[in-house]
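Undergrad: Data: start39.txt, compact mmCIF, C-alpha atoms and all ligand atoms.
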```txt
# COMPACT_ATOMS: atom_id res chain seq x y z
CA MET A 174 0.00 0.00 0.00
CA THR A 175 1.40 3.42 -0.91
CA LYS A 176 1.38 5.85 1.97
CA GLU A 177 -0.11 9.33 1.64
CA LEU A 178 2.45 12.06 1.04
CA LEU A 179 2.15 14.78 3.70
CA LEU A 180 5.18 16.97 3.26
CA ASP A 181 7.18 17.51 0.10
CA VAL A 182 10.13 19.88 0.49
CA LYS A 183 11.62 20.92 -2.82
CA ASP A 184 14.97 22.63 -3.36
CA LEU A 185 14.71 24.47 -0.06
CA ASN A 186 17.39 27.03 0.76
CA THR A 187 17.46 29.02 3.99
CA SER A 188 19.95 31.84 4.49
CA PHE A 189 20.58 34.04 7.51
CA ARG A 190 21.64 37.66 7.36
CA ILE A 191 24.89 38.11 9.23
CA GLU A 192 26.50 41.57 9.19
CA GLY A 193 24.54 42.59 6.12
CA LYS A 194 25.29 39.48 4.04
CA TYR A 195 23.20 36.34 3.56
CA TYR A 196 24.76 32.93 4.31
CA GLN A 197 23.06 29.64 3.49
CA ALA A 198 22.36 27.39 6.48
CA VAL A 199 20.42 24.83 4.47
CA SER A 200 20.99 24.24 0.79
CA LYS A 201 18.83 22.54 -1.83
CA ILE A 202 16.96 20.26 0.55
CA ASN A 203 14.63 17.71 -1.02
CA LEU A 204 12.67 15.70 1.48
CA GLN A 205 9.38 13.85 1.73
CA VAL A 206 7.37 12.74 4.75
CA LYS A 207 4.50 10.32 4.46
CA ARG A 208 1.63 9.57 6.78
CA ASP A 209 2.30 6.67 9.18
CA GLU A 210 6.04 7.13 8.87
CA ILE A 211 8.85 8.45 11.07
CA LEU A 212 11.59 10.25 9.22
CA ALA A 213 14.75 10.86 11.26
CA LEU A 214 16.82 13.89 10.41
CA VAL A 215 20.27 13.22 11.77
CA GLY A 216 23.59 15.06 11.93
CA GLU A 217 25.94 16.80 14.35
CA SER A 218 25.07 20.06 16.02
CA GLY A 219 25.13 22.93 13.52
CA CYS A 220 24.24 20.85 10.44
CA GLY A 221 21.00 22.76 9.85
CA LYS A 222 18.40 20.39 11.26
CA SER A 223 16.57 22.97 13.38
CA THR A 224 16.84 25.59 10.63
CA LEU A 225 15.02 23.19 8.32
CA ALA A 226 12.34 22.43 10.95
CA SER A 227 11.77 26.13 11.62
CA ALA A 228 11.37 26.75 7.89
CA VAL A 229 8.61 24.12 7.75
CA MET A 230 6.96 25.59 10.87
CA GLY A 231 7.24 29.12 9.49
CA LEU A 232 9.13 30.30 12.57
CA HIS A 233 11.98 32.25 10.96
CA ASP A 234 12.15 36.02 11.32
CA PRO A 235 11.58 37.21 7.73
CA SER A 236 13.69 40.33 8.26
CA MET A 237 16.79 38.21 8.96
CA THR A 238 16.11 35.13 6.86
CA ARG A 239 15.74 34.38 3.17
CA ILE A 240 13.89 31.21 2.23
CA GLU A 241 13.73 29.84 -1.32
CA GLY A 242 12.14 26.73 -2.77
CA GLN A 243 8.83 25.07 -1.99
CA ILE A 244 7.36 23.35 1.05
CA PHE A 245 4.23 21.50 -0.01
CA PHE A 246 2.10 20.40 2.93
CA GLU A 247 -0.98 18.40 1.97
CA GLY A 248 -0.57 19.79 -1.53
CA GLN A 249 -0.24 23.51 -0.68
CA ASP A 250 3.00 25.49 -0.69
CA LEU A 251 3.46 26.80 2.86
CA LEU A 252 5.95 29.40 1.65
CA LYS A 253 3.08 31.15 -0.15
CA PHE A 254 0.98 31.34 3.04
CA ASN A 255 0.39 34.61 4.88
CA ASP A 256 0.58 34.76 8.70
CA GLU A 257 -3.11 34.07 9.15
CA GLN A 258 -3.02 30.98 6.93
CA TYR A 259 0.13 29.74 8.68
CA ASN A 260 -1.44 30.19 12.12
CA LYS A 261 -4.28 27.90 11.11
CA VAL A 262 -1.87 25.14 10.14
CA ARG A 263 0.69 25.53 12.93
CA GLY A 264 -0.47 23.80 16.11
CA ALA A 265 -3.49 22.28 14.35
CA LYS A 266 -2.17 20.34 11.38
CA ILE A 267 1.54 20.55 12.17
CA GLY A 268 2.59 20.11 15.79
CA MET A 269 6.03 20.66 17.25
CA ILE A 270 7.78 19.06 20.22
CA PHE A 271 10.70 21.15 21.42
CA GLN A 272 13.96 20.03 22.93
CA ASP A 273 13.77 21.72 26.29
CA PRO A 274 10.45 21.00 28.02
CA LEU A 275 10.99 23.61 30.72
CA SER A 276 11.47 26.59 28.45
CA ALA A 277 8.66 25.45 26.14
CA LEU A 278 6.12 25.60 28.99
CA ASN A 279 4.79 28.73 30.64
CA PRO A 280 5.96 28.54 34.29
CA LEU A 281 3.01 30.59 35.51
CA LYS A 282 0.17 28.56 34.03
CA LYS A 283 -1.37 25.33 35.18
CA ILE A 284 -0.84 22.34 32.89
CA LYS A 285 -4.54 22.07 32.03
CA ASP A 286 -4.67 25.69 30.84
CA GLN A 287 -1.59 25.21 28.66
CA ILE A 288 -3.22 22.23 26.96
CA THR A 289 -6.64 23.83 26.49
CA GLU A 290 -5.06 27.04 25.15
CA VAL A 291 -4.14 25.42 21.84
CA MET A 292 -7.70 24.10 21.54
CA ASP A 293 -9.09 27.63 22.23
CA TYR A 294 -7.36 28.75 19.10
CA HIS A 295 -8.00 25.84 16.80
CA THR A 296 -11.29 24.22 17.85
CA LYS A 297 -14.84 25.21 18.72
CA LEU A 298 -15.10 22.85 21.71
CA SER A 299 -16.89 24.05 24.86
CA SER A 300 -14.79 24.59 28.01
CA GLU A 301 -16.11 21.37 29.46
CA GLU A 302 -15.15 19.44 26.32
CA LYS A 303 -11.70 21.03 26.32
CA ASN A 304 -11.10 20.11 29.95
CA GLN A 305 -12.21 16.57 29.25
CA ARG A 306 -9.93 16.36 26.20
CA ALA A 307 -7.00 17.71 28.27
CA LEU A 308 -7.46 14.85 30.74
CA GLU A 309 -7.69 12.32 27.90
CA LEU A 310 -4.52 13.69 26.37
CA LEU A 311 -2.66 13.46 29.68
CA GLN A 312 -3.77 9.88 29.92
CA GLN A 313 -2.75 9.18 26.31
CA VAL A 314 0.79 10.42 27.01
CA GLY A 315 1.07 8.09 29.98
CA ILE A 316 0.49 10.39 32.95
CA ASP A 317 -0.77 8.28 35.85
CA ASN A 318 -2.99 10.77 37.59
CA PRO A 319 -4.24 13.20 34.91
CA LYS A 320 -6.58 15.05 37.28
CA ARG A 321 -3.78 15.90 39.67
CA THR A 322 -1.26 16.79 36.96
CA ALA A 323 -3.81 19.04 35.22
CA LYS A 324 -3.86 21.28 38.30
CA GLN A 325 -0.08 21.46 38.70
CA PHE A 326 2.48 23.99 37.47
CA PRO A 327 5.46 22.92 35.29
CA HIS A 328 8.01 23.21 38.13
CA GLU A 329 6.08 20.61 40.12
CA LEU A 330 6.71 17.94 37.47
CA SER A 331 9.79 15.86 36.64
CA GLY A 332 11.62 16.37 33.31
CA GLY A 333 10.03 13.26 31.81
CA MET A 334 6.53 14.35 32.90
CA ARG A 335 7.09 17.81 31.44
CA GLN A 336 8.11 16.28 28.12
CA ARG A 337 4.92 14.19 28.18
CA VAL A 338 2.93 17.40 28.72
CA ILE A 339 4.71 19.03 25.76
CA ILE A 340 3.74 16.04 23.66
CA ALA A 341 0.13 16.28 24.88
CA ILE A 342 0.05 19.94 23.76
CA ALA A 343 1.62 19.08 20.40
CA ILE A 344 -0.97 16.38 19.67
CA ALA A 345 -4.00 18.17 21.19
CA CYS A 346 -5.48 18.92 17.77
CA LYS A 347 -4.35 15.59 16.22
CA PRO A 348 -1.86 17.12 13.80
CA ASP A 349 -1.12 15.21 10.61
CA LEU A 350 2.56 16.08 10.89
CA LEU A 351 4.58 16.21 14.09
CA ILE A 352 8.07 17.67 14.25
CA ALA A 353 10.06 16.52 17.27
CA ASP A 354 13.31 18.49 17.66
CA GLU A 355 15.70 16.51 19.90
CA PRO A 356 12.77 15.45 22.10
CA THR A 357 14.86 13.31 24.42
CA THR A 358 18.18 15.14 24.61
CA ALA A 359 17.39 16.84 27.92
CA LEU A 360 16.24 13.59 29.56
CA ASP A 361 18.05 10.73 31.21
CA VAL A 362 18.42 7.42 29.40
CA THR A 363 15.52 5.43 30.88
CA ILE A 364 13.12 8.31 30.39
CA GLN A 365 14.45 8.77 26.83
CA ALA A 366 13.34 5.24 25.93
CA GLN A 367 9.87 5.84 27.38
CA ILE A 368 9.42 9.08 25.43
CA LEU A 369 10.53 7.42 22.18
CA ASP A 370 8.04 4.61 22.78
CA LEU A 371 5.38 7.23 23.39
CA ILE A 372 6.19 9.02 20.12
CA LYS A 373 5.94 5.72 18.24
CA LYS A 374 2.63 4.92 19.96
CA ILE A 375 1.21 8.32 19.04
CA GLN A 376 2.29 7.89 15.45
CA ARG A 377 0.42 4.58 15.29
CA GLU A 378 -2.70 5.89 17.06
CA ASN A 379 -3.00 9.19 15.20
CA HIS A 380 -1.64 7.98 11.83
CA SER A 381 0.56 11.03 11.68
CA GLY A 382 3.84 11.55 9.89
CA ILE A 383 6.75 12.46 12.17
CA ILE A 384 10.04 14.24 11.60
CA LEU A 385 12.36 13.25 14.41
CA ILE A 386 15.40 15.48 14.69
CA THR A 387 18.34 13.98 16.55
CA HIS A 388 22.10 13.73 16.65
CA ASP A 389 21.81 10.30 18.25
CA LEU A 390 21.97 7.33 15.87
CA GLY A 391 20.84 5.02 18.66
CA VAL A 392 17.55 6.95 18.73
CA VAL A 393 17.30 6.68 14.94
CA ALA A 394 17.82 2.90 14.95
CA GLU A 395 15.14 2.51 17.63
CA THR A 396 12.51 4.73 16.11
CA ALA A 397 12.80 5.68 12.45
CA ASP A 398 11.45 4.21 9.23
CA GLU A 399 13.34 6.58 6.92
CA VAL A 400 16.54 8.50 7.57
CA ALA A 401 18.02 11.68 6.09
CA VAL A 402 21.60 12.42 7.12
CA MET A 403 22.52 16.12 7.07
CA TYR A 404 25.95 17.64 6.96
CA ALA A 405 26.74 21.36 6.74
CA GLY A 406 23.30 22.32 5.47
CA GLN A 407 22.91 19.54 2.89
CA ILE A 408 21.40 16.09 2.88
CA VAL A 409 24.31 13.74 2.18
CA GLU A 410 22.43 10.44 2.32
CA LYS A 411 18.83 9.28 2.42
CA GLY A 412 17.32 5.84 2.74
CA THR A 413 15.31 3.44 4.84
CA VAL A 414 16.63 2.72 8.31
CA GLU A 415 17.89 -0.68 7.04
CA GLN A 416 19.70 0.88 4.07
CA ILE A 417 21.41 3.48 6.26
CA PHE A 418 22.46 1.09 9.02
CA GLU A 419 23.29 -1.94 6.90
CA HIS A 420 24.75 -0.27 3.79
CA PRO A 421 25.85 3.21 4.79
CA LEU A 422 27.71 4.87 1.92
CA HIS A 423 28.58 8.53 2.43
CA PRO A 424 31.81 9.00 4.42
CA TYR A 425 29.89 11.19 6.89
CA THR A 426 27.23 8.54 7.54
CA ARG A 427 29.92 5.90 7.95
CA SER A 428 31.89 8.14 10.31
CA LEU A 429 28.81 8.88 12.42
CA LEU A 430 28.07 5.17 12.68
CA LYS A 431 31.65 4.36 13.58
CA SER A 432 31.65 7.00 16.31
CA MET A 433 28.55 5.49 17.90
CA PRO A 434 29.21 3.63 21.16
CA GLN A 435 28.68 -0.13 20.63
CA VAL A 436 27.14 -1.91 23.58
CA ASP A 437 28.53 -5.33 22.63
CA SER A 438 31.94 -4.27 21.35
CA GLU A 439 35.11 -5.34 23.16
CA ASN A 440 36.91 -2.36 21.70
CA ASP A 441 36.15 0.62 23.91
CA GLU A 442 38.20 3.09 21.86
CA LEU A 443 35.67 5.35 20.13
CA TYR A 444 36.21 6.70 16.64
CA VAL A 445 36.28 10.49 16.68
CA ILE A 446 35.47 12.50 13.55
CA SER A 447 38.27 15.05 13.36
CA GLY A 448 37.49 18.75 12.98
CA ASN A 449 34.16 20.53 13.30
CA VAL A 450 31.07 21.37 11.29
CA PRO A 451 32.06 24.60 9.47
CA SER A 452 30.32 27.85 10.34
CA LEU A 453 28.04 29.37 7.70
CA GLN A 454 30.73 31.84 6.60
CA GLU A 455 33.27 29.03 6.15
CA LEU A 456 31.21 26.56 4.10
CA PRO A 457 33.28 25.14 1.23
CA GLN A 458 31.77 26.46 -2.00
CA ILE A 459 33.01 23.64 -4.22
CA GLY A 460 33.60 19.96 -3.58
CA ASP A 461 32.04 17.76 -0.94
CA ARG A 462 31.50 19.78 2.23
CA PHE A 463 32.75 16.88 4.35
CA ALA A 464 36.04 16.61 2.41
CA PRO A 465 38.11 18.78 4.82
CA ARG A 466 37.35 16.28 7.61
CA ILE A 467 38.65 13.27 5.66
CA PRO A 468 41.90 14.75 4.30
CA TRP A 469 43.42 11.32 3.55
CA ILE A 470 40.90 10.93 0.71
CA PRO A 471 42.37 12.62 -2.40
CA ALA A 472 40.57 15.68 -3.79
CA SER A 473 40.15 13.87 -7.10
CA ALA A 474 37.74 11.41 -5.42
CA HIS A 475 35.22 14.21 -4.81
CA GLU A 476 32.86 15.68 -7.36
CA LYS A 477 33.37 19.38 -7.92
CA HIS A 478 29.64 20.06 -7.50
CA PRO A 479 28.33 16.97 -5.72
CA ILE A 480 24.84 15.81 -6.56
CA MET A 481 22.63 13.08 -5.11
CA HIS A 482 22.99 9.69 -6.80
CA GLN A 483 20.37 6.98 -6.61
CA VAL A 484 22.11 3.73 -5.66
CA GLU A 485 19.07 1.62 -5.02
CA GLU A 486 15.34 2.29 -4.84
CA GLY A 487 14.89 4.79 -1.99
CA HIS A 488 18.64 5.04 -1.26
CA GLN A 489 20.51 8.17 -2.37
CA VAL A 490 23.97 9.47 -1.62
CA ARG A 491 25.69 12.77 -2.38
CA CYS A 492 28.99 12.76 -4.30
CA THR A 493 30.79 9.75 -5.72
CA CYS A 494 33.55 10.00 -3.09
CA TYR A 495 31.97 7.11 -1.16
CA GLN A 496 33.37 4.75 -3.81
CA ASN A 497 36.92 5.57 -2.72
CA PHE A 498 36.36 6.09 0.99
CA TYR A 499 38.13 4.08 3.66
CA PHE A 500 38.91 4.73 7.32
CA PRO A 501 42.48 5.83 7.96
CA SER A 502 45.09 3.62 9.48
CA LYS A 503 46.27 5.02 12.82
CA LYS A 504 49.21 6.63 11.04
CA GLU A 505 47.08 8.46 8.47
CA GLY A 506 44.73 9.56 11.25
CA GLU A 507 47.64 11.01 13.23
CA LEU A 508 48.83 12.96 10.21
CA GLN A 509 45.64 15.02 10.15
N1 LIG B 601 19.23 32.90 13.48
C1 LIG B 601 20.42 32.54 13.02
N2 LIG B 601 21.30 33.47 12.54
C2 LIG B 601 22.50 33.12 12.07
N3 LIG B 601 22.96 31.83 12.01
C3 LIG B 601 22.15 30.87 12.47
C4 LIG B 601 20.84 31.16 13.01
N4 LIG B 601 20.28 29.99 13.40
C5 LIG B 601 21.17 29.01 13.11
N5 LIG B 601 22.29 29.54 12.55
C6 LIG B 601 23.46 28.80 12.08
O1 LIG B 601 22.98 27.89 11.08
C7 LIG B 601 23.69 26.65 11.16
C8 LIG B 601 22.71 25.53 11.38
O2 LIG B 601 22.17 25.62 12.70
P1 LIG B 601 21.00 24.69 13.24
O3 LIG B 601 20.63 25.17 14.62
O4 LIG B 601 19.93 24.58 12.23
O5 LIG B 601 21.76 23.29 13.34
P2 LIG B 601 21.29 21.96 14.08
O6 LIG B 601 21.80 20.86 13.24
O7 LIG B 601 19.84 22.02 14.34
O8 LIG B 601 22.10 22.04 15.42
P3 LIG B 601 21.57 21.84 16.95
O9 LIG B 601 21.36 20.38 17.09
O10 LIG B 601 22.69 22.38 17.76
O11 LIG B 601 20.31 22.66 17.06
C9 LIG B 601 24.71 26.82 12.29
O12 LIG B 601 25.94 27.20 11.72
C10 LIG B 601 24.13 27.93 13.13
O13 LIG B 601 25.15 28.64 13.79
```
Translate this structure into structure tokens?
Ligand SMILES: Nc1ncnc2c1ncn2[C@@H]1O[C@H](COP(=O)(O)OP(=O)(O)OP(=O)(O)O)[C@@H](O)[C@H]1O
TA:
Amino acid sequence: MTKELLLDVKDLNTSFRIEGKYYQAVSKINLQVKRDEILALVGESGCGKSTLASAVMGLHDPSMTRIEGQIFFEGQDLLKFNDEQYNKVRGAKIGMIFQDPLSALNPLKKIKDQITEVMDYHTKLSSEEKNQRALELLQQVGIDNPKRTAKQFPHELSGGMRQRVIIAIAIACKPDLLIADEPTTALDVTIQAQILDLIKKIQRENHSGIILITHDLGVVAETADEVAVMYAGQIVEKGTVEQIFEHPLHPYTRSLLKSMPQVDSENDELYVISGNVPSLQELPQIGDRFAPRIPWIPASAHEKHPIMHQVEEGHQVRCTCYQNFYFPSKKEGELQ
């Protein structure tokens, strides 16, 4: 059965104005999200994941940001929407779960009021119906005593409970698309697993499509159906979770996987990707943007203007450099 296409991002560029000049933070992004599917967007800090999510949510300050391309959501280009049209979609049809549950909640308002607020805006339910729905939502996100929690303030809850409340707010209007930006980063490991299970459960119950933003490949393996790996503002590899974990191709994907702690490995020396994600002003203008971090691979192995290549149905990789990539011997690594 083919799944319904919810989001179709086409050739999306997003640039920020810094000291009077525009610098691209995401470049030529092509991405699709289908209903009933979790797409993980993965990459180190600074790769452009949140910039992309904010572009979809329409959260960028237009006076400092230039956005080009198209973002089709349920067939309509969001970039052509005015504020009023966007407000109808945001919160109702597209929900967002933020990284830091404490700063995303209003410290001065009771939990119930924060959940019903989003319904005030997007639904015509009576106050009684909204209160009832708030309790149902708290139950759906696994809160044991919804009545008590509804009356509490954010500081009275644990980090995991607060994240559950954030999720309840994000799904209050049953959005078709949910964007979860590092939803478990601020939580400890056992709570992380519970929140990921909850996100998967919600996806199944609501038949939504989910974009899960994370730098943690363990989270991706646990949760995602499809994966897009981002480096320095570009997607460098896309595929199903099996394709990415079993046949990773791009040197960046392979490096990320190799730097992931292995529970069952006897070798406790972790691979470290040398160097850093370049700042927007330092992005290489030609060649593969990851090339400076794998200097033992000759320049001739990289395309001058790398494009995405289809290697298998659903599996794409940027640049042909993957064909010549290998991990350095210790000696080559030390030379960097
Ligand atoms: N408002 C802004 N003005 C200027 N530069 C920005 C702005 N927001 C983000 N950037 C830059 O854009 C690049 C991408 O940042 P972004 O936050 O999207 O990355 P990320 O992959 O989501 O990282 P993180 O996981 O740390 O949020 C970075 O170089 C960042 O410094």
Undergrad: Given only C-alpha atoms and all ligand atoms, how would the per-residue table for chain A near ligand LIG 601 (chain B) read, listing every residue at most 10 Å away with its closest atom pair and distance in Å to one decimal, sorted by chain and number, as a tab-separated table?
TA:
```
residue	atom	partner	partner_atom	distance
A:Thr187	CA	B:LIG601	O1	9.1
A:Ser188	CA	B:LIG601	C2	8.1
A:Phe189	CA	B:LIG601	C2	5.0
A:Arg190	CA	B:LIG601	C2	6.6
A:Ile191	CA	B:LIG601	C2	6.2
A:Glu192	CA	B:LIG601	C2	9.8
A:Tyr195	CA	B:LIG601	C2	9.1
A:Tyr196	CA	B:LIG601	N3	8.0
A:Gln197	CA	B:LIG601	O1	7.8
A:Ala198	CA	B:LIG601	O1	4.7
A:Val199	CA	B:LIG601	C8	7.3
A:Leu214	CA	B:LIG601	O6	9.0
A:Val215	CA	B:LIG601	O6	7.9
A:Gly216	CA	B:LIG601	O6	6.2
A:Glu217	CA	B:LIG601	O6	5.9
A:Ser218	CA	B:LIG601	O8	3.6
A:Gly219	CA	B:LIG601	O5	3.4
A:Cys220	CA	B:LIG601	O6	3.7
A:Gly221	CA	B:LIG601	O4	3.2
A:Lys222	CA	B:LIG601	O7	3.8
A:Ser223	CA	B:LIG601	O7	3.5
A:Thr224	CA	B:LIG601	O4	3.6
A:Leu225	CA	B:LIG601	O4	6.4
A:Ala226	CA	B:LIG601	O4	8.0
A:Ser227	CA	B:LIG601	O4	8.3
A:Ala228	CA	B:LIG601	O4	9.8
A:His233	CA	B:LIG601	N1	7.7
A:Asp234	CA	B:LIG601	N1	8.0
A:Met237	CA	B:LIG601	N1	7.4
A:Thr238	CA	B:LIG601	N1	7.7
A:Gln272	CA	B:LIG601	O11	9.0
A:Asp354	CA	B:LIG601	O7	8.1
A:Glu355	CA	B:LIG601	O9	7.4
A:Thr358	CA	B:LIG601	O9	9.7
A:Ile386	CA	B:LIG601	O7	7.9
A:Thr387	CA	B:LIG601	O9	7.1
A:His388	CA	B:LIG601	O9	6.7
A:Met403	CA	B:LIG601	O6	7.8
A:Tyr404	CA	B:LIG601	O6	8.2
A:Ala405	CA	B:LIG601	C8	7.4
A:Gly406	CA	B:LIG601	C8	6.8
A:Val450	CA	B:LIG601	O12	7.8
A:Pro451	CA	B:LIG601	O12	7.0
A:Ser452	CA	B:LIG601	O12	4.6
A:Leu453	CA	B:LIG601	O12	5.0
A:Gln454	CA	B:LIG601	O12	8.4
A:Glu455	CA	B:LIG601	O12	9.4
A:Leu456	CA	B:LIG601	O12	9.3
```
Undergrad: Counting only C-alpha atoms, which of A:Leu429, A:Leu371, A:Val484, A:Val409 gets nearest to Arg462 in chain A?
TA: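 Of A:Leu429, A:Leu371, A:Val484, A:Val409, the one nearest Arg462 in chain A is A:Val409, counting only C-alpha atoms.
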Undergrad: Which distance in Å separates CA of Ala307 in chain A and CA of Val206 in chain A, to one decimal?
TA: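 These atoms are spaced 28.0 Å apart.
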Undergrad: Which distance in Å separates CA of Glu485 in chain A and CA of Thr413 in chain A, to one decimal?
TA: 10.7 Å
Undergrad: Can you list, as a list in words, every protein, DNA or RNA residue that comes within 9 Å of range 246-251 of chain A when you count only C-alpha atoms, leaving out same-chain residues fewer than 2 positions away?
TA: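 The contact residues come out as Leu178, Leu179, Leu180, Asp181, Val182, Val229, Met230, Gly231, Gln243, Ile244, Lys253, Phe254, Asn255, Gln258 and Tyr259 of chain A.
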Undergrad: Only C-alpha atoms, please: the residues just picked out, written as a PDB file, in the frame of the given file.
TA:
```
ATOM      1  CA  LEU A 178       2.450  12.060   1.040  1.00  0.00           C
ATOM      2  CA  LEU A 179       2.150  14.780   3.700  1.00  0.00           C
ATOM      3  CA  LEU A 180       5.180  16.970   3.260  1.00  0.00           C
ATOM      4  CA  ASP A 181       7.180  17.510   0.100  1.00  0.00           C
ATOM      5  CA  VAL A 182      10.130  19.880   0.490  1.00  0.00           C
ATOM      6  CA  VAL A 229       8.610  24.120   7.750  1.00  0.00           C
ATOM      7  CA  MET A 230       6.960  25.590  10.870  1.00  0.00           C
ATOM      8  CA  GLY A 231       7.240  29.120   9.490  1.00  0.00           C
ATOM      9  CA  GLN A 243       8.830  25.070  -1.990  1.00  0.00           C
ATOM     10  CA  ILE A 244       7.360  23.350   1.050  1.00  0.00           C
ATOM     11  CA  LYS A 253       3.080  31.150  -0.150  1.00  0.00           C
ATOM     12  CA  PHE A 254       0.980  31.340   3.040  1.00  0.00           C
ATOM     13  CA  ASN A 255       0.390  34.610   4.880  1.00  0.00           C
ATOM     14  CA  GLN A 258      -3.020  30.980   6.930  1.00  0.00           C
ATOM     15  CA  TYR A 259       0.130  29.740   8.680  1.00  0.00           C
TER      16      TYR A 259
END
```
Undergrad: Please compute the CA of Asn497 in chain A-CA of Val414 in chain A distance, one decimal, in Å.
TA: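 CA of Val414 in chain A lies 23.3 Å from CA of Asn497 in chain A.
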Undergrad: Nearest to Gln458 in chain A among A:Ser300, A:Pro424, A:His478, A:Ala472, with distances taken over all atoms listed in the file: which residue is it?
TA: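 Checking each candidate against Gln458 in chain A, we get A:His478 as the closest.
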Undergrad: Got a sec: who's within 12 Å of Gly391 in chain A, counting all atoms listed in the file, leaving out chain neighbours fewer than 4 positions off, as a list of chain:residue names?
TA: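 My reading of the contact set: A:Ala213, A:Val215, A:Thr357, A:Val362, A:Gln365, A:Ala366, A:Leu369, A:Thr387, A:Glu395, A:Thr396, A:Ala397, A:Val414, A:Phe418, A:Leu429, A:Leu430, A:Lys431, A:Ser432, A:Met433, A:Pro434, A:Gln435, A:Val436.
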Undergrad: Please determine, counting all atoms listed in the file, which residue among A:Arg377, A:Lys282, A:Lys266, A:Arg239 has the shortest atom-to-atom distance to Ile352 in chain A.
TA: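 The shortest atom-to-atom distance to Ile352 in chain A comes from A:Lys266.
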Undergrad: Which one of A:His295, A:His380, A:Lys285, A:Ala343 sits closest to Asn260 in chain A if you count all atoms listed in the file?
TA: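 Under the stated criterion, the closest residue is A:His295.
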Undergrad: Using only C-alpha atoms, which residue out of A:Pro501, A:Gly460, A:Pro280, A:Pro356 lies closest to Gln325 in chain A?
TA: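 When distances to Gln325 in chain A are compared using only C-alpha atoms, the smallest one comes from A:Pro280.
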Undergrad: Which protein, DNA or RNA residues have an atom at most 9 Å from (21.6, 13.3, 4.5), counting all atoms listed in the file? List them as an MDAnalysis selection string.
TA: chainID A and resid 214:216 400:404 407:412 423 425:426 489:491
